[in-house]
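Data file: input15.pdb. Format and content: PDB, C-alpha atoms, pLDDT in the B column.
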```pdb
ATOM      1  CA  MET A   9     -14.221 -54.583  -1.637  1.00 89.00           C
ATOM      2  CA  ALA A  10     -11.802 -52.649   0.534  1.00 96.00           C
ATOM      3  CA  LYS A  11      -8.089 -53.155   1.064  1.00 98.00           C
ATOM      4  CA  ILE A  12      -7.628 -53.520   4.835  1.00 98.00           C
ATOM      5  CA  LEU A  13      -4.282 -53.563   6.632  1.00 98.00           C
ATOM      6  CA  LEU A  14      -4.293 -55.717   9.759  1.00 98.00           C
ATOM      7  CA  ILE A  15      -1.534 -54.848  12.250  1.00 98.00           C
ATOM      8  CA  GLU A  16      -1.594 -57.790  14.677  1.00 97.00           C
ATOM      9  CA  ASP A  17       1.171 -59.920  16.222  1.00 96.00           C
ATOM     10  CA  SER A  18      -0.973 -62.915  17.216  1.00 96.00           C
ATOM     11  CA  PRO A  19      -1.034 -65.560  14.452  1.00 97.00           C
ATOM     12  CA  THR A  20      -4.376 -66.837  15.764  1.00 96.00           C
ATOM     13  CA  ASP A  21      -6.034 -63.403  15.797  1.00 96.00           C
ATOM     14  CA  THR A  22      -4.537 -62.648  12.369  1.00 97.00           C
ATOM     15  CA  ALA A  23      -6.003 -65.867  10.943  1.00 97.00           C
ATOM     16  CA  VAL A  24      -9.441 -65.326  12.511  1.00 96.00           C
ATOM     17  CA  LEU A  25      -9.708 -61.669  11.463  1.00 97.00           C
ATOM     18  CA  THR A  26      -8.353 -62.382   7.963  1.00 98.00           C
ATOM     19  CA  GLN A  27     -10.981 -65.115   7.425  1.00 97.00           C
ATOM     20  CA  LEU A  28     -13.726 -62.845   8.757  1.00 97.00           C
ATOM     21  CA  LEU A  29     -12.712 -59.939   6.500  1.00 98.00           C
ATOM     22  CA  GLU A  30     -12.189 -62.075   3.386  1.00 98.00           C
ATOM     23  CA  ARG A  31     -15.541 -63.802   3.956  1.00 97.00           C
ATOM     24  CA  ASN A  32     -17.075 -60.314   3.799  1.00 97.00           C
ATOM     25  CA  GLY A  33     -15.335 -59.471   0.530  1.00 97.00           C
ATOM     26  CA  HIS A  34     -12.293 -57.526   1.703  1.00 97.00           C
ATOM     27  CA  GLN A  35      -8.671 -57.857   0.636  1.00 98.00           C
ATOM     28  CA  VAL A  36      -6.393 -58.259   3.677  1.00 98.00           C
ATOM     29  CA  LEU A  37      -2.757 -57.237   4.118  1.00 98.00           C
ATOM     30  CA  SER A  38      -1.064 -58.003   7.415  1.00 98.00           C
ATOM     31  CA  ALA A  39       1.910 -56.856   9.441  1.00 98.00           C
ATOM     32  CA  VAL A  40       3.162 -58.329  12.736  1.00 97.00           C
ATOM     33  CA  SER A  41       4.666 -55.139  14.170  1.00 98.00           C
ATOM     34  CA  ALA A  42       3.725 -51.471  14.310  1.00 98.00           C
ATOM     35  CA  GLU A  43       6.901 -50.469  12.483  1.00 98.00           C
ATOM     36  CA  ASP A  44       6.217 -52.907   9.619  1.00 98.00           C
ATOM     37  CA  GLY A  45       2.581 -51.821   9.597  1.00 98.00           C
ATOM     38  CA  ILE A  46       3.421 -48.134   9.260  1.00 98.00           C
ATOM     39  CA  ALA A  47       5.840 -48.871   6.397  1.00 98.00           C
ATOM     40  CA  MET A  48       3.268 -51.112   4.687  1.00 98.00           C
ATOM     41  CA  CYS A  49       0.551 -48.501   5.164  1.00 98.00           C
ATOM     42  CA  LYS A  50       2.664 -45.858   3.393  1.00 98.00           C
ATOM     43  CA  ARG A  51       3.561 -48.289   0.600  1.00 98.00           C
ATOM     44  CA  GLU A  52       0.151 -49.936   0.024  1.00 98.00           C
ATOM     45  CA  MET A  53      -2.221 -47.085   1.011  1.00 98.00           C
ATOM     46  CA  PRO A  54      -5.020 -49.348   2.350  1.00 98.00           C
ATOM     47  CA  ASP A  55      -8.600 -48.141   2.709  1.00 98.00           C
ATOM     48  CA  LEU A  56      -8.599 -48.902   6.460  1.00 98.00           C
ATOM     49  CA  VAL A  57      -6.239 -50.121   9.204  1.00 98.00           C
ATOM     50  CA  LEU A  58      -7.224 -52.577  11.958  1.00 98.00           C
ATOM     51  CA  MET A  59      -4.743 -51.971  14.780  1.00 98.00           C
ATOM     52  CA  ASP A  60      -3.873 -54.119  17.796  1.00 97.00           C
ATOM     53  CA  ILE A  61      -2.469 -52.293  20.842  1.00 97.00           C
ATOM     54  CA  VAL A  62      -0.103 -54.841  22.405  1.00 96.00           C
ATOM     55  CA  LEU A  63       2.640 -55.230  19.792  1.00 97.00           C
ATOM     56  CA  PRO A  64       6.396 -55.895  19.928  1.00 95.00           C
ATOM     57  CA  GLY A  65       8.428 -52.671  19.915  1.00 95.00           C
ATOM     58  CA  MET A  66       6.198 -49.689  19.219  1.00 97.00           C
ATOM     59  CA  ASN A  67       2.660 -50.176  20.557  1.00 98.00           C
ATOM     60  CA  GLY A  68      -0.585 -49.643  18.674  1.00 98.00           C
ATOM     61  CA  PHE A  69      -1.290 -46.300  20.348  1.00 98.00           C
ATOM     62  CA  GLN A  70       2.064 -44.951  19.108  1.00 98.00           C
ATOM     63  CA  ALA A  71       1.495 -46.395  15.629  1.00 98.00           C
ATOM     64  CA  THR A  72      -2.013 -44.913  15.448  1.00 98.00           C
ATOM     65  CA  ARG A  73      -0.613 -41.519  16.421  1.00 98.00           C
ATOM     66  CA  ALA A  74       2.146 -41.824  13.789  1.00 98.00           C
ATOM     67  CA  LEU A  75      -0.339 -42.707  11.029  1.00 98.00           C
ATOM     68  CA  SER A  76      -2.884 -40.038  11.990  1.00 98.00           C
ATOM     69  CA  ARG A  77      -0.227 -37.297  12.117  1.00 97.00           C
ATOM     70  CA  ASP A  78       1.502 -38.192   8.832  1.00 98.00           C
ATOM     71  CA  ALA A  79       0.057 -36.226   5.893  1.00 97.00           C
ATOM     72  CA  ALA A  80       0.496 -39.279   3.634  1.00 97.00           C
ATOM     73  CA  THR A  81      -1.639 -41.579   5.842  1.00 98.00           C
ATOM     74  CA  SER A  82      -3.832 -39.251   7.926  1.00 97.00           C
ATOM     75  CA  ALA A  83      -6.913 -39.831   5.745  1.00 97.00           C
ATOM     76  CA  ILE A  84      -6.786 -43.614   6.297  1.00 98.00           C
ATOM     77  CA  PRO A  85      -9.158 -44.538   9.150  1.00 98.00           C
ATOM     78  CA  VAL A  86      -7.649 -46.588  11.989  1.00 98.00           C
ATOM     79  CA  LEU A  87      -9.941 -48.952  13.902  1.00 98.00           C
ATOM     80  CA  ILE A  88      -8.350 -50.329  17.067  1.00 98.00           C
ATOM     81  CA  VAL A  89      -9.222 -53.947  17.878  1.00 97.00           C
ATOM     82  CA  SER A  90      -7.691 -54.877  21.238  1.00 96.00           C
ATOM     83  CA  THR A  91      -8.105 -57.037  24.321  1.00 94.00           C
ATOM     84  CA  LYS A  92      -7.520 -53.882  26.400  1.00 94.00           C
ATOM     85  CA  GLY A  93     -11.123 -53.143  27.310  1.00 92.00           C
ATOM     86  CA  MET A  94     -10.913 -50.322  29.849  1.00 95.00           C
ATOM     87  CA  GLU A  95     -12.598 -47.012  29.023  1.00 96.00           C
ATOM     88  CA  THR A  96      -9.251 -45.225  29.548  1.00 97.00           C
ATOM     89  CA  ASP A  97      -7.708 -47.376  26.782  1.00 97.00           C
ATOM     90  CA  ARG A  98     -10.577 -46.540  24.454  1.00 97.00           C
ATOM     91  CA  ALA A  99     -10.358 -42.821  25.222  1.00 98.00           C
ATOM     92  CA  TRP A 100      -6.581 -42.815  24.744  1.00 97.00           C
ATOM     93  CA  GLY A 101      -6.873 -44.682  21.436  1.00 98.00           C
ATOM     94  CA  LEU A 102      -9.375 -42.158  20.116  1.00 98.00           C
ATOM     95  CA  ARG A 103      -7.122 -39.295  21.268  1.00 98.00           C
ATOM     96  CA  GLN A 104      -4.286 -40.805  19.224  1.00 98.00           C
ATOM     97  CA  GLY A 105      -6.410 -40.528  16.098  1.00 98.00           C
ATOM     98  CA  ALA A 106      -8.308 -43.833  15.925  1.00 98.00           C
ATOM     99  CA  LYS A 107     -11.820 -43.548  14.477  1.00 97.00           C
ATOM    100  CA  ASP A 108     -13.179 -46.259  16.781  1.00 97.00           C
ATOM    101  CA  TYR A 109     -12.153 -48.880  19.338  1.00 97.00           C
ATOM    102  CA  ILE A 110     -13.539 -52.421  19.502  1.00 97.00           C
ATOM    103  CA  VAL A 111     -12.700 -54.954  22.213  1.00 96.00           C
ATOM    104  CA  LYS A 112     -11.593 -58.478  21.178  1.00 95.00           C
ATOM    105  CA  PRO A 113     -13.053 -60.786  20.262  1.00 93.00           C
ATOM    106  CA  PRO A 114     -15.266 -58.655  18.027  1.00 94.00           C
ATOM    107  CA  ARG A 115     -18.669 -59.870  16.887  1.00 94.00           C
ATOM    108  CA  GLU A 116     -18.515 -60.290  13.134  1.00 96.00           C
ATOM    109  CA  ASP A 117     -21.679 -58.300  12.405  1.00 96.00           C
ATOM    110  CA  GLN A 118     -20.577 -55.390  14.621  1.00 95.00           C
ATOM    111  CA  LEU A 119     -17.045 -55.285  13.195  1.00 97.00           C
ATOM    112  CA  ILE A 120     -18.232 -55.397   9.577  1.00 97.00           C
ATOM    113  CA  ALA A 121     -20.911 -52.758  10.248  1.00 96.00           C
ATOM    114  CA  ARG A 122     -18.310 -50.432  11.783  1.00 96.00           C
ATOM    115  CA  ILE A 123     -15.850 -51.016   8.922  1.00 97.00           C
ATOM    116  CA  ASN A 124     -18.611 -50.255   6.403  1.00 96.00           C
ATOM    117  CA  GLU A 125     -19.466 -47.031   8.277  1.00 96.00           C
ATOM    118  CA  LEU A 126     -15.835 -45.908   8.298  1.00 96.00           C
ATOM    119  CA  LEU A 127     -15.471 -46.705   4.601  1.00 95.00           C
ATOM    120  CA  GLY A 128     -18.702 -44.895   3.787  1.00 91.00           C
ATOM    121  CA  ALA A 129     -20.120 -48.094   2.259  1.00 72.00           C
TER     122      ALA A 129
END
```
Rewrite the structure from the file as structure tokens, please.
Amino acid sequence: MAKILLIEDSPTDTAVLTQLLERNGHQVLSAVSAEDGIAMCKREMPDLVLMDIVLPGMNGFQATRALSRDAATSAIPVLIVSTKGMETDRAWGLRQGAKDYIVKPPREDQLIARINELLGA
């Protein structure tokens, strides 16, 4: 079981992703803004972060960059899960330090397989 931090401002997406992750044996923490997510990430040290892009205040690209450049959190893989499906968004997300980029809504089997790969499970 992994501890996964979900940074997502949509209550619906948070509920759906939390159920999906818990059904697959993971512990889920959630934050509704990038700023709260970064603070929670430093405090809780999750095994993986699922990051939305469109967030209030700081966006997910900025938050991913902040986490990947901070020595305290740089080893925590960030997986972007966003409705922004253009190849330029994906490329930019990976340049900010994300380990992968999945377009919403993710297929459960694909999302869990990718999480397991990133966690080395």
Identify all residues satisfying the PyMOL selection byres ((chain A and resi 105) around 12) in the given file; provide them as a ChimeraX atom specification.
/A:57,59,68-78,81-88,98-104,106-109
A straight line from atom CA of A:Ala121 to atom CA of A:Asp21 spans 19.1 Å
Nearby residues (all atoms listed in the file) at most 8 Å from A:Asp55, same-chain spacing under 6 positions excluded, as number ranges by chain = A: 10-13, 84-85, 127
Could you save the residues just selected, with C-alpha atoms, as a PDB file, in the frame of the given file?
```
ATOM      1  CA  ALA A  10     -11.802 -52.649   0.534  1.00 96.00           C
ATOM      2  CA  LYS A  11      -8.089 -53.155   1.064  1.00 98.00           C
ATOM      3  CA  ILE A  12      -7.628 -53.520   4.835  1.00 98.00           C
ATOM      4  CA  LEU A  13      -4.282 -53.563   6.632  1.00 98.00           C
ATOM      5  CA  ILE A  84      -6.786 -43.614   6.297  1.00 98.00           C
ATOM      6  CA  PRO A  85      -9.158 -44.538   9.150  1.00 98.00           C
ATOM      7  CA  LEU A 127     -15.471 -46.705   4.601  1.00 95.00           C
TER       8      LEU A 127
END
```
Rounded to one decimal place, report the atom CA of A:Ser90-atom CA of A:Ile110 distance in Å.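 Computing it gives 6.6 Å between the two atoms.
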Assuming the chain letters and numbering stay as they are in my file, what does the PyMOL selection byres ((chain A and resi 41) around 8) actually select? List them as a list in words.
Ile15, Glu16, Asp17, Ala39, Val40, Ala42, Glu43, Asp44, Gly45, Leu63, Pro64, Gly65 and Met66 of chain A
Atoms kept (C-alpha atoms) for selection, written as a tab-separated table (two decimals), in the frame of the given file:
```
chain	number	residue	atom	x	y	z
A	15	ILE	CA	-1.53	-54.85	12.25
A	16	GLU	CA	-1.59	-57.79	14.68
A	17	ASP	CA	1.17	-59.92	16.22
A	39	ALA	CA	1.91	-56.86	9.44
A	40	VAL	CA	3.16	-58.33	12.74
A	42	ALA	CA	3.72	-51.47	14.31
A	43	GLU	CA	6.90	-50.47	12.48
A	44	ASP	CA	6.22	-52.91	9.62
A	45	GLY	CA	2.58	-51.82	9.60
A	63	LEU	CA	2.64	-55.23	19.79
A	64	PRO	CA	6.40	-55.90	19.93
A	65	GLY	CA	8.43	-52.67	19.92
A	66	MET	CA	6.20	-49.69	19.22
```
In Å, rounded to a single decimal, give me how far atom CA of A:Leu56 is from atom CA of A:Val36.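 Between these atoms lies a distance of 10.0 Å.
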(request) List the residues selected by the PyMOL selection byres ((chain A and resi 112-115) around 6) in the file shown, writing them as a ChimeraX atom specification. (result) /A:90-91,111,116-118
Exercise. Rank nothing, just name the residue among A:Ser18, A:Leu25, A:Pro54, A:Ile61 nearest to A:Asp97, using all atoms listed in the file.
Key: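 Result for the nearest residue to A:Asp97: A:Ile61.
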Considering only C-alpha atoms, state which residue in the set A:Val89, A:Met9, A:Glu95, A:Leu37 is at the smallest distance from A:Met53.
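Among A:Val89, A:Met9, A:Glu95, A:Leu37, it is A:Leu37 that comes nearest to A:Met53.
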